[in-house]
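Note: the block below is coords_11.cif and it holds mmCIF, C-alpha atoms.
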```cif
data_query
loop_
_atom_site.label_atom_id
_atom_site.label_comp_id
_atom_site.auth_asym_id
_atom_site.auth_seq_id
_atom_site.Cartn_x
_atom_site.Cartn_y
_atom_site.Cartn_z
CA MET A 1 0.00 0.00 0.00
CA PRO A 2 1.31 3.45 -0.82
CA TYR A 3 2.43 5.63 2.05
CA LEU A 4 0.32 8.77 2.09
CA LYS A 5 2.31 11.97 2.29
CA ASP A 6 1.47 14.64 4.81
CA PRO A 7 -0.67 17.16 2.84
CA SER A 8 0.64 20.05 4.93
CA VAL A 9 4.19 19.51 3.62
CA ARG A 10 4.68 21.37 0.33
CA TYR A 11 7.44 20.73 -2.18
CA SER A 12 8.20 22.98 -5.12
CA ILE A 13 8.50 21.11 -8.39
CA TRP A 14 9.65 24.35 -10.01
CA LYS A 15 12.77 24.49 -7.83
CA VAL A 16 13.65 21.04 -9.11
CA LEU A 17 12.67 21.62 -12.75
CA LYS A 18 14.65 24.86 -13.17
CA ASP A 19 17.81 22.72 -13.01
CA ALA A 20 16.42 20.43 -15.75
CA VAL A 21 15.85 23.06 -18.45
CA GLY A 22 17.44 21.85 -21.69
CA LYS A 23 18.46 18.47 -20.25
CA ASP A 24 17.45 14.94 -21.14
CA LEU A 25 14.97 14.00 -18.39
CA SER A 26 16.12 10.36 -18.40
CA LYS A 27 19.44 11.54 -16.94
CA PHE A 28 17.96 14.03 -14.49
CA CYS A 29 17.83 13.04 -10.81
CA VAL A 30 14.51 13.68 -9.09
CA PRO A 31 14.47 13.92 -5.29
CA VAL A 32 13.06 10.78 -3.69
CA TYR A 33 10.09 12.61 -2.18
CA PHE A 34 8.69 12.98 -5.72
CA ASN A 35 8.50 9.20 -6.14
CA GLU A 36 5.53 6.97 -5.42
CA PRO A 37 6.38 3.66 -3.71
CA VAL A 38 6.16 1.45 -6.81
CA SER A 39 8.61 0.49 -9.52
CA MET A 40 8.07 1.54 -13.15
CA LEU A 41 7.80 -2.17 -13.95
CA GLN A 42 4.88 -2.52 -11.55
CA LYS A 43 3.23 0.56 -13.02
CA ILE A 44 3.57 -0.90 -16.53
CA SER A 45 1.78 -4.05 -15.34
CA GLU A 46 -1.27 -2.05 -14.24
CA ILE A 47 -2.52 -2.14 -17.84
CA MET A 48 -3.34 -5.82 -17.26
CA GLU A 49 -6.33 -4.70 -15.21
CA TYR A 50 -8.02 -4.28 -18.60
CA GLU A 51 -6.78 -7.47 -20.28
CA ASP A 52 -10.37 -8.63 -20.76
CA LEU A 53 -10.61 -6.06 -23.60
CA LEU A 54 -7.95 -7.98 -25.57
CA ALA A 55 -9.64 -11.31 -24.89
CA GLU A 56 -12.97 -9.90 -26.06
CA ALA A 57 -11.31 -8.43 -29.18
CA ASN A 58 -9.92 -11.86 -30.06
CA ARG A 59 -13.36 -13.46 -29.78
CA SER A 60 -15.17 -10.74 -31.76
CA LYS A 61 -16.04 -11.39 -35.43
CA ASP A 62 -16.56 -7.67 -36.21
CA PRO A 63 -13.24 -6.05 -37.29
CA VAL A 64 -14.41 -2.56 -36.27
CA LYS A 65 -15.27 -3.78 -32.78
CA ARG A 66 -11.89 -5.56 -32.55
CA ILE A 67 -9.90 -2.42 -33.37
CA MET A 68 -12.09 -0.42 -30.98
CA LEU A 69 -11.38 -2.85 -28.15
CA VAL A 70 -7.63 -2.91 -28.84
CA GLY A 71 -7.62 0.91 -28.91
CA ALA A 72 -9.56 0.99 -25.64
CA PHE A 73 -6.97 -1.35 -24.11
CA GLY A 74 -4.18 1.00 -25.15
CA ALA A 75 -5.96 4.05 -23.74
CA ALA A 76 -7.09 2.28 -20.54
CA GLN A 77 -3.57 2.30 -19.12
CA TYR A 78 -4.07 5.97 -18.32
CA ALA A 79 -7.18 5.33 -16.19
CA CYS A 80 -5.02 4.47 -13.17
CA THR A 81 -3.17 7.80 -13.34
CA THR A 82 -6.06 9.88 -12.01
CA GLY A 83 -4.90 11.57 -8.83
CA ARG A 84 -1.36 10.19 -9.15
CA LYS A 85 1.22 12.89 -9.59
CA ASP A 86 4.35 11.15 -8.31
CA LYS A 87 6.69 9.24 -10.58
CA PRO A 88 7.50 5.58 -9.98
CA PHE A 89 11.01 4.49 -9.02
CA ASN A 90 13.38 3.60 -11.84
CA PRO A 91 14.05 -0.14 -11.83
CA LEU A 92 17.54 -1.61 -11.69
CA LEU A 93 19.00 -3.06 -14.87
CA GLY A 94 17.77 -6.66 -15.13
CA GLU A 95 14.99 -6.17 -12.55
CA THR A 96 11.78 -8.03 -13.43
CA TYR A 97 8.15 -7.93 -12.38
CA GLU A 98 5.82 -10.86 -13.06
CA ILE A 99 2.11 -11.54 -12.79
CA LEU A 100 0.87 -15.10 -13.09
CA SER A 101 -2.90 -15.39 -13.05
CA PRO A 102 -5.32 -18.07 -14.26
CA LYS A 103 -6.18 -15.78 -17.21
CA PHE A 104 -2.73 -14.57 -18.34
CA LYS A 105 1.03 -14.40 -17.77
CA PHE A 106 2.82 -11.05 -17.73
CA ILE A 107 6.49 -10.19 -17.33
CA SER A 108 8.32 -6.88 -17.54
CA GLU A 109 12.05 -6.26 -17.35
CA GLN A 110 14.39 -3.28 -17.27
CA VAL A 111 16.50 -3.96 -20.37
CA SER A 112 18.58 -0.77 -20.55
CA HIS A 113 19.84 1.71 -17.97
CA HIS A 114 20.86 4.65 -20.21
CA PRO A 115 18.53 5.34 -21.81
CA PRO A 116 16.06 3.74 -19.40
CA VAL A 117 14.04 1.15 -21.34
CA SER A 118 11.51 -1.27 -19.88
CA ALA A 119 10.08 -4.11 -21.96
CA CYS A 120 7.01 -6.24 -21.30
CA HIS A 121 5.31 -9.34 -22.65
CA ALA A 122 1.86 -10.75 -21.89
CA GLN A 123 0.31 -13.98 -23.04
CA SER A 124 -3.01 -15.76 -22.69
CA ASP A 125 -5.10 -18.23 -24.66
CA ASP A 126 -6.71 -15.27 -26.47
CA TYR A 127 -3.81 -12.89 -27.16
CA GLU A 128 -0.11 -12.13 -26.95
CA PHE A 129 1.38 -8.67 -26.80
CA TYR A 130 4.68 -6.98 -26.09
CA GLY A 131 5.89 -3.44 -25.73
CA ASN A 132 8.67 -1.22 -24.49
CA SER A 133 9.07 2.23 -22.99
CA ASN A 134 11.96 3.56 -25.02
CA LEU A 135 11.34 7.33 -24.95
CA LYS A 136 13.53 10.34 -25.52
CA THR A 137 12.43 13.19 -23.26
CA ALA A 138 13.62 16.74 -22.73
CA PHE A 139 12.31 19.68 -20.73
CA LYS A 140 12.68 22.94 -22.69
CA GLY A 141 11.51 25.34 -19.97
CA SER A 142 8.03 26.08 -21.29
CA TYR A 143 7.29 22.70 -22.86
CA LEU A 144 8.18 19.01 -22.67
CA VAL A 145 9.44 17.00 -25.66
CA VAL A 146 8.58 13.28 -25.70
CA GLU A 147 9.68 11.23 -28.69
CA ALA A 148 8.90 7.50 -29.02
CA MET A 149 12.06 5.57 -29.93
CA SER A 150 10.46 2.09 -29.91
CA TYR A 151 11.96 -0.75 -31.82
#
```
Show the structure stored in the file as structure tokens.
Amino acid sequence: MPYLKDPSVRYSIWKVLKDAVGKDLSKFCVPVYFNEPVSMLQKISEIMEYEDLLAEANRSKDPVKRIMLVGAFGAAQYACTTGRKDKPFNPLLGETYEILSPKFKFISEQVSHHPPVSACHAQSDDYEFYGNSNLKTAFKGSYLVVEAMSY
């Protein structure tokens, strides 16, 4: 369970971000009090809460409904971010996170340290998917640049 922070204690993100202007955010150190008590690998696995959308897409005969369900699965990963403003901890190189359930198997692993890249794979009787989080990010002062570098 996450440790709830004292709401009376205020931290200034701007004091931290002013040192990041023009830098690659993957190499920027964030103070630990900005982290939530989960690993990025665990956060990636939260998408599996909606795995039934992929199973339903596999069973559907209608191609429009299938693409709609797969798209909904991709967008659903952001549903768990409501009210969460802290970043997860960066995993160690080679660290893994697994979920074994009667419905599916899921594994994620930190495959690169610089740049930080996490990869995942999920498998069930109805589907198989994989992905990675290879992003290039930079904070430019008034905007954030995020570029997908996936393989």
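Here CA of Asn134 in chain A is placed at a distance of 17.5 Å from CA of Tyr97 in chain A.
All protein and nucleic acid residues in the vicinity of (18.3, -1.1, -19.2), that is within 12 Å when counting all atoms listed in the file, are Ser26, Leu41, Asn90, Pro91, Leu92, Leu93, Gly94, Glu95, Thr96, Ser108, Glu109, Gln110, Val111, Ser112, His113, His114, Pro115, Pro116, Val117, Ser118, Ala119, Asn132, Ser133 and Asn134 of chain A.
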Report task. Give me the result of the PyMOL selection byres ((chain A and resi 123) around 7) on this file, residue by residue, as an MDAnalysis selection string. Result -> chainID A and resid 104:106 121:122 124 127:129
Query raised in the report: For the file shown, what are the residues hit by the PyMOL selection byres ((chain A and resi 55) around 12), laid out as a PyMOL selection string?
Result: chain A and resi 48+50-54+56-60+66+69-70+73+103-104+122-129
If you keep C-alpha atoms, can you produce a file of those selected residues as a CSV table (one decimal), in the coordinates of the input?
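Saved to part.csv:
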```csv
chain,number,residue,atom,x,y,z
A,48,MET,CA,-3.3,-5.8,-17.3
A,50,TYR,CA,-8.0,-4.3,-18.6
A,51,GLU,CA,-6.8,-7.5,-20.3
A,52,ASP,CA,-10.4,-8.6,-20.8
A,53,LEU,CA,-10.6,-6.1,-23.6
A,54,LEU,CA,-8.0,-8.0,-25.6
A,56,GLU,CA,-13.0,-9.9,-26.1
A,57,ALA,CA,-11.3,-8.4,-29.2
A,58,ASN,CA,-9.9,-11.9,-30.1
A,59,ARG,CA,-13.4,-13.5,-29.8
A,60,SER,CA,-15.2,-10.7,-31.8
A,66,ARG,CA,-11.9,-5.6,-32.6
A,69,LEU,CA,-11.4,-2.8,-28.2
A,70,VAL,CA,-7.6,-2.9,-28.8
A,73,PHE,CA,-7.0,-1.4,-24.1
A,103,LYS,CA,-6.2,-15.8,-17.2
A,104,PHE,CA,-2.7,-14.6,-18.3
A,122,ALA,CA,1.9,-10.8,-21.9
A,123,GLN,CA,0.3,-14.0,-23.0
A,124,SER,CA,-3.0,-15.8,-22.7
A,125,ASP,CA,-5.1,-18.2,-24.7
A,126,ASP,CA,-6.7,-15.3,-26.5
A,127,TYR,CA,-3.8,-12.9,-27.2
A,128,GLU,CA,-0.1,-12.1,-27.0
A,129,PHE,CA,1.4,-8.7,-26.8
```
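For the atom pair formed by CA of Val32 in chain A and CA of Lys87 in chain A, the distance is 9.5 Å, given to one decimal.
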Report task. Give me, please, the distance in Å between CA of Ala79 in chain A and CA of Val38 in chain A, quoted to one decimal. Result -> 16.8 Å
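Residue nearest Pro88 in chain A within the list A:Gly22, A:Gly131, A:Pro37, A:Gly141: A:Pro37 [criterion: smallest interatomic distance, only C-alpha atoms].
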Using all atoms of range 29-38 of chain A that appear in the file, construct an axis-aligned enclosing box with 3 Å of padding on every side and provide its centre coordinates and edge lengths in Å, rounded to one decimal, as AutoDock Vina command-line options.
```
--center_x 11.7 --center_y 7.7 --center_z -6.5 --size_x 18.3 --size_y 18.5 --size_z 14.6
```
Requested in this report: Could you check which of A:Gly83, A:Pro102, A:Cys120, A:Val21 is closest to Met40 in chain A, using all atoms listed in the file?
Outcome: A:Cys120
Please expand the PyMOL selection byres ((chain A and resi 135) around 7) into the concrete residues it hits in this file, giving the result as a PDB file with C-alpha atoms, in the coordinates of the input.
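As written to disk, result_27.pdb reads:
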```
ATOM      1  CA  SER A 133       9.070   2.230 -22.990  1.00  0.00           C
ATOM      2  CA  ASN A 134      11.960   3.560 -25.020  1.00  0.00           C
ATOM      3  CA  LYS A 136      13.530  10.340 -25.520  1.00  0.00           C
ATOM      4  CA  THR A 137      12.430  13.190 -23.260  1.00  0.00           C
ATOM      5  CA  VAL A 146       8.580  13.280 -25.700  1.00  0.00           C
ATOM      6  CA  GLU A 147       9.680  11.230 -28.690  1.00  0.00           C
ATOM      7  CA  ALA A 148       8.900   7.500 -29.020  1.00  0.00           C
ATOM      8  CA  MET A 149      12.060   5.570 -29.930  1.00  0.00           C
TER       9      MET A 149
END
```
